[in-house]
Amino acid sequence: MAVGIFDSGLGGLTVLEAAQRRLPDVDFIYLADSEHAPYGVRTADDIYDLTCKAVQRLFDAGCDLVILACNTASAAALRRMQEGWIPEGKRVLGVFVPLIEALTERDWGDNSPPREVDVKHVALFATPATVSSRAFQRELAFRAIGVDVEAQACGGVVDAIEDGDFILAEAMVRSHVDALKRKMPKPQAAILGCTHYPLMLDAFQEALGADVKVFSQAKLVGESLADYLTRHGDKIGSGEPAYLTTGDPKQVSNRATQFLRRQITFTAA
Ligand code: DGL
């Protein structure tokens with residue numbers, strides 16, 4: 001039984017890599033909706049429709065569990081999908097919860113009431129659609145009280161990364177961190193709430209300063225998924241991944257190979 005990993009583009013490959021490292025025998029199917037990326041500048045309705053279509057494609061390919069590696073899809077579409085779209089016997093999980101569990105130092109499945117936590121000032125860096133959904137603040141409020149979250153919509157960073165222009169992406173990261181610091185001069189922690197941002201981790205850390213704890217998603221999601229699969233049945237396969245894209249497979253394969261610095265071959269979804 002395969003596990004689907006969905007992202008609007010290539011950023012979710014950082015989540016897939018971490019999941020593969022943690023779960024080498026699971027068959028993963030990665031789907032990049034490259035034709036419609038970036039999602040971060042789309043409306044919530046649009047993101048919902050595109051995410052349902054992509055997840056259905058992964059169900060059709062034999063996945064009964066799909067991880068929305070895309071924060072924008074998790075923020076703008078997941079709750080609505082869970083409220084009525086997901087078919088019987090299928091599961092769709094997002095990427096915010098593992099991150100918030102790490103930030104609030106809670107264990108998997110801890111459903112106790114929200115409580116005070118050590119960290120009080122948190123910077124959230126994410127796409128415009130994720131920031132305007134306020135999904136991060138909503139999920140955090142279920143688990144912690146008294147945490148001040150300042151969100152910075154990082155327009156342009158995803159496009160620069162997808163175009164392979166890391167010099168531009170770095171300059172944009174610096175300017176978004178400056179903008180955040182004007183609103184919150186001393187964040188204690190920073191959340192990189194977009195699958196692409198782990199690739200710019202050093203730039204974020206440098207601009208924020210060494211005393212800011214930066215939470216990056218990929219490894220946390222890998223751990224959380226391993227935990228989930230241990231509790232929910234047998235997903236052992238050959239460990240051979242498949243890569244699907246709604247875009248041009250040749251172009252997407254080239255970018256992915258550059259992105260991960262190893263050969264990745266996409267086929268048409
Ligand atoms: N992968 C998306 C995310 O994690 C960002 C890319 C996009 O805007 O499509 O938020």
# chains A, B, ... in the order shown; residues from 1 in each chain; ligands from 1
$ residues_around --residues "A:Gly4" --least-positions-apart "3" --cutoff "8 Å" --atoms "only C-alpha atoms" --output "ChimeraX atom specification"
/A:28-31,58-59,63-67
$ write_last_selection --atoms "N, CA and C atoms" --output "JSON list (two decimals), in the first residue's frame"
[["chain", "number", "residue", "atom", "x", "y", "z"],
["A", 28, "PHE", "N", 6.35, 5.35, -1.56],
["A", 28, "PHE", "CA", 5.77, 6.68, -1.62],
["A", 28, "PHE", "C", 5.44, 7.05, -3.06],
["A", 29, "ILE", "N", 4.31, 7.73, -3.25],
["A", 29, "ILE", "CA", 4.01, 8.32, -4.56],
["A", 29, "ILE", "C", 3.93, 9.83, -4.35],
["A", 30, "TYR", "N", 4.82, 10.55, -5.02],
["A", 30, "TYR", "CA", 4.87, 12.01, -4.88],
["A", 30, "TYR", "C", 4.13, 12.63, -6.06],
["A", 31, "LEU", "N", 3.26, 13.58, -5.76],
["A", 31, "LEU", "CA", 2.56, 14.29, -6.84],
["A", 31, "LEU", "C", 2.80, 15.79, -6.72],
["A", 58, "LEU", "N", -4.05, 10.65, -6.35],
["A", 58, "LEU", "CA", -3.23, 9.77, -5.51],
["A", 58, "LEU", "C", -4.05, 8.60, -4.97],
["A", 59, "PHE", "N", -5.31, 8.84, -4.64],
["A", 59, "PHE", "CA", -6.18, 7.72, -4.25],
["A", 59, "PHE", "C", -6.29, 6.74, -5.42],
["A", 63, "CYS", "N", -3.13, 4.97, -3.22],
["A", 63, "CYS", "CA", -2.79, 5.45, -1.87],
["A", 63, "CYS", "C", -4.08, 5.49, -1.03],
["A", 64, "ASP", "N", -4.00, 4.99, 0.21],
["A", 64, "ASP", "CA", -5.16, 5.24, 1.08],
["A", 64, "ASP", "C", -4.82, 6.25, 2.18],
["A", 65, "LEU", "N", -3.57, 6.69, 2.20],
["A", 65, "LEU", "CA", -3.16, 7.77, 3.09],
["A", 65, "LEU", "C", -2.39, 8.79, 2.24],
["A", 66, "VAL", "N", -2.80, 10.06, 2.35],
["A", 66, "VAL", "CA", -2.10, 11.12, 1.61],
["A", 66, "VAL", "C", -1.67, 12.20, 2.59],
["A", 67, "ILE", "N", -0.41, 12.59, 2.51],
["A", 67, "ILE", "CA", 0.11, 13.69, 3.32],
["A", 67, "ILE", "C", 0.11, 14.95, 2.46]]
$ select_by_dssp --residues "stretch 79-133 of chain A" --states "alpha helix (DSSP H)" --output "PyMOL selection string"
chain A and resi 79-82+96-103+128-133
$ residues_near_ligand --ligand "ligand 1" --cutoff "6 Å" --atoms "only C-alpha atoms and all ligand atoms" --output "VMD selection string"
chain A and resid 7 to 8 11 37 to 40 70 to 72 127 158 194 to 195
$ residues_around --residues "stretch 80-85 of chain A" --least-positions-apart "6" --cutoff "8 Å" --atoms "only C-alpha atoms" --output "PDB file with C-alpha atoms, in the first residue's frame"
ATOM      1  CA  TYR A  48      -9.461  23.539  -2.267  1.00  0.00           C
ATOM      2  CA  CYS A  52      -9.097  17.654  -3.981  1.00  0.00           C
ATOM      3  CA  VAL A  92      -5.542  12.923   4.477  1.00  0.00           C
TER       4      VAL A  92
END
$ residues_around --residues "A:Thr130" --least-positions-apart "5" --cutoff "12 Å" --atoms "only C-alpha atoms" --output "number ranges by chain"
A: 39-44, 47, 70-78, 96, 124-125, 135-138, 151-155, 192-195
$ write_last_selection --atoms "N, CA and C atoms" --output "mmCIF file, in the first residue's frame"
data_model
loop_
_atom_site.group_PDB
_atom_site.id
_atom_site.type_symbol
_atom_site.label_atom_id
_atom_site.label_comp_id
_atom_site.auth_asym_id
_atom_site.auth_seq_id
_atom_site.Cartn_x
_atom_site.Cartn_y
_atom_site.Cartn_z
ATOM 1 N N TYR A 39 0.636 27.817 -5.430
ATOM 2 C CA TYR A 39 -0.683 27.878 -4.803
ATOM 3 C C TYR A 39 -0.800 29.105 -3.891
ATOM 4 N N GLY A 40 0.340 29.582 -3.407
ATOM 5 C CA GLY A 40 0.357 30.587 -2.343
ATOM 6 C C GLY A 40 -0.291 31.909 -2.681
ATOM 7 N N VAL A 41 -0.536 32.159 -3.979
ATOM 8 C CA VAL A 41 -1.175 33.411 -4.370
ATOM 9 C C VAL A 41 -2.616 33.182 -4.864
ATOM 10 N N ARG A 42 -3.126 31.943 -4.702
ATOM 11 C CA ARG A 42 -4.483 31.613 -5.162
ATOM 12 C C ARG A 42 -5.517 31.819 -4.052
ATOM 13 N N THR A 43 -6.803 31.812 -4.447
ATOM 14 C CA THR A 43 -7.873 31.944 -3.443
ATOM 15 C C THR A 43 -8.067 30.596 -2.736
ATOM 16 N N ALA A 44 -8.716 30.647 -1.569
ATOM 17 C CA ALA A 44 -8.951 29.417 -0.799
ATOM 18 C C ALA A 44 -9.802 28.423 -1.599
ATOM 19 N N ILE A 47 -7.624 26.763 -4.214
ATOM 20 C CA ILE A 47 -6.681 25.815 -3.586
ATOM 21 C C ILE A 47 -7.429 24.540 -3.174
ATOM 22 N N CYS A 70 2.187 20.275 1.319
ATOM 23 C CA CYS A 70 2.060 21.701 1.020
ATOM 24 C C CYS A 70 1.337 22.410 2.175
ATOM 25 N N ASN A 71 2.021 23.367 2.802
ATOM 26 C CA ASN A 71 1.401 24.125 3.899
ATOM 27 C C ASN A 71 0.197 24.905 3.417
ATOM 28 N N THR A 72 0.308 25.432 2.196
ATOM 29 C CA THR A 72 -0.775 26.257 1.666
ATOM 30 C C THR A 72 -2.037 25.412 1.515
ATOM 31 N N ALA A 73 -1.887 24.175 1.003
ATOM 32 C CA ALA A 73 -3.038 23.267 0.883
ATOM 33 C C ALA A 73 -3.529 22.846 2.266
ATOM 34 N N SER A 74 -2.591 22.573 3.181
ATOM 35 C CA SER A 74 -2.984 22.190 4.550
ATOM 36 C C SER A 74 -3.778 23.319 5.199
ATOM 37 N N ALA A 75 -3.323 24.553 4.979
ATOM 38 C CA ALA A 75 -3.944 25.704 5.641
ATOM 39 C C ALA A 75 -5.290 26.046 5.021
ATOM 40 N N ALA A 76 -5.350 26.026 3.684
ATOM 41 C CA ALA A 76 -6.540 26.562 3.019
ATOM 42 C C ALA A 76 -7.573 25.491 2.677
ATOM 43 N N ALA A 77 -7.179 24.208 2.631
ATOM 44 C CA ALA A 77 -8.114 23.194 2.126
ATOM 45 C C ALA A 77 -8.378 22.028 3.076
ATOM 46 N N LEU A 78 -7.423 21.683 3.937
ATOM 47 C CA LEU A 78 -7.528 20.410 4.671
ATOM 48 C C LEU A 78 -8.778 20.324 5.539
ATOM 49 N N PHE A 96 0.820 20.983 9.543
ATOM 50 C CA PHE A 96 0.914 21.947 10.646
ATOM 51 C C PHE A 96 1.036 21.293 12.014
ATOM 52 N N LEU A 124 6.143 33.549 12.106
ATOM 53 C CA LEU A 124 5.724 32.554 11.121
ATOM 54 C C LEU A 124 6.023 33.098 9.725
ATOM 55 N N PHE A 125 6.809 32.364 8.958
ATOM 56 C CA PHE A 125 7.093 32.730 7.570
ATOM 57 C C PHE A 125 6.348 31.743 6.677
ATOM 58 N N ALA A 135 -4.652 29.498 9.728
ATOM 59 C CA ALA A 135 -4.772 28.105 10.177
ATOM 60 C C ALA A 135 -3.727 27.771 11.247
ATOM 61 N N PHE A 136 -2.548 28.340 11.124
ATOM 62 C CA PHE A 136 -1.495 28.058 12.105
ATOM 63 C C PHE A 136 -1.923 28.539 13.494
ATOM 64 N N GLN A 137 -2.422 29.774 13.553
ATOM 65 C CA GLN A 137 -2.861 30.331 14.844
ATOM 66 C C GLN A 137 -4.020 29.509 15.410
ATOM 67 N N ARG A 138 -4.926 29.045 14.515
ATOM 68 C CA ARG A 138 -6.086 28.260 14.969
ATOM 69 C C ARG A 138 -5.620 26.940 15.603
ATOM 70 N N ALA A 151 2.964 36.932 11.730
ATOM 71 C CA ALA A 151 3.128 36.207 10.466
ATOM 72 C C ALA A 151 3.661 37.119 9.371
ATOM 73 N N GLN A 152 4.559 36.605 8.583
ATOM 74 C CA GLN A 152 5.115 37.354 7.458
ATOM 75 C C GLN A 152 4.845 36.585 6.162
ATOM 76 N N ALA A 153 4.060 37.175 5.276
ATOM 77 C CA ALA A 153 3.803 36.547 3.976
ATOM 78 C C ALA A 153 5.030 36.774 3.085
ATOM 79 N N CYS A 154 5.630 35.687 2.646
ATOM 80 C CA CYS A 154 6.905 35.796 1.913
ATOM 81 C C CYS A 154 6.679 35.683 0.407
ATOM 82 N N GLY A 155 6.020 36.679 -0.159
ATOM 83 C CA GLY A 155 5.779 36.674 -1.608
ATOM 84 C C GLY A 155 7.096 36.585 -2.379
ATOM 85 N N LEU A 192 9.273 27.916 9.751
ATOM 86 C CA LEU A 192 9.349 27.993 8.292
ATOM 87 C C LEU A 192 8.133 27.218 7.757
ATOM 88 N N GLY A 193 7.033 27.932 7.533
ATOM 89 C CA GLY A 193 5.758 27.293 7.211
ATOM 90 C C GLY A 193 5.514 27.129 5.734
ATOM 91 N N CYS A 194 6.505 26.694 5.018
ATOM 92 C CA CYS A 194 6.368 26.428 3.583
ATOM 93 C C CYS A 194 7.415 25.386 3.219
ATOM 94 N N THR A 195 7.001 24.415 2.394
ATOM 95 C CA THR A 195 7.905 23.311 2.066
ATOM 96 C C THR A 195 9.200 23.757 1.402
#
$ select_by_dssp --residues "stretch 128-204 of chain A" --states "strand (DSSP E or B)" --output "list of chain:residue names"
A:Ala144, A:Ile145, A:Asp148, A:Val149, A:Glu150, A:Ala151, A:Gln152, A:Ala153, A:Ala189, A:Ala190, A:Ile191, A:Leu192
$ write_last_selection --atoms "N, CA, C and O atoms" --output "compact mmCIF listing (two decimals), in the first residue's frame"
# COMPACT_ATOMS: atom_id res chain seq x y z
N ALA A 144 -1.85 25.67 22.94
CA ALA A 144 -1.05 26.57 23.78
C ALA A 144 -1.77 27.89 23.99
O ALA A 144 -2.54 28.32 23.13
N ILE A 145 -1.52 28.51 25.16
CA ILE A 145 -2.07 29.84 25.39
C ILE A 145 -0.94 30.84 25.61
O ILE A 145 0.18 30.44 25.98
N ASP A 148 2.33 34.79 21.25
CA ASP A 148 2.13 35.88 20.30
C ASP A 148 2.75 35.45 18.96
O ASP A 148 3.95 35.19 18.90
N VAL A 149 1.90 35.35 17.92
CA VAL A 149 2.42 34.92 16.60
C VAL A 149 2.40 36.11 15.65
O VAL A 149 1.35 36.75 15.47
N GLU A 150 3.53 36.43 15.05
CA GLU A 150 3.58 37.46 14.02
C GLU A 150 3.88 36.76 12.70
O GLU A 150 4.88 36.05 12.58
N ALA A 151 2.96 36.93 11.73
CA ALA A 151 3.13 36.21 10.47
C ALA A 151 3.66 37.12 9.37
O ALA A 151 3.24 38.27 9.26
N GLN A 152 4.56 36.61 8.58
CA GLN A 152 5.11 37.35 7.46
C GLN A 152 4.84 36.58 6.16
O GLN A 152 5.32 35.45 6.00
N ALA A 153 4.06 37.18 5.28
CA ALA A 153 3.80 36.55 3.98
C ALA A 153 5.03 36.77 3.08
O ALA A 153 5.40 37.91 2.83
N ALA A 189 11.32 32.18 18.51
CA ALA A 189 11.34 31.04 17.60
C ALA A 189 10.77 31.47 16.25
O ALA A 189 9.99 32.43 16.19
N ALA A 190 11.16 30.77 15.22
CA ALA A 190 10.63 31.06 13.88
C ALA A 190 10.18 29.75 13.25
O ALA A 190 10.86 28.73 13.36
N ILE A 191 9.01 29.81 12.62
CA ILE A 191 8.47 28.64 11.92
C ILE A 191 8.64 28.86 10.43
O ILE A 191 8.17 29.88 9.90
N LEU A 192 9.27 27.92 9.75
CA LEU A 192 9.35 27.99 8.29
C LEU A 192 8.13 27.22 7.76
O LEU A 192 8.19 26.00 7.60
$ atom_distance --atom1 "atom CA of A:Asp27" --atom2 "atom CA of A:Gly239"
4.6 Å
$ atom_distance --atom1 "atom CA of A:Pro114" --atom2 "atom CA of A:Arg143"
4.1 Å
$ closest_residue --among "A:Leu225, A:Met172, A:Ala256, A:Ala141" --to "A:Met200" --atoms "only C-alpha atoms"
A:Met172
$ atom_distance --atom1 "atom CA of A:Val221" --atom2 "atom CA of A:Pro24"
14.8 Å
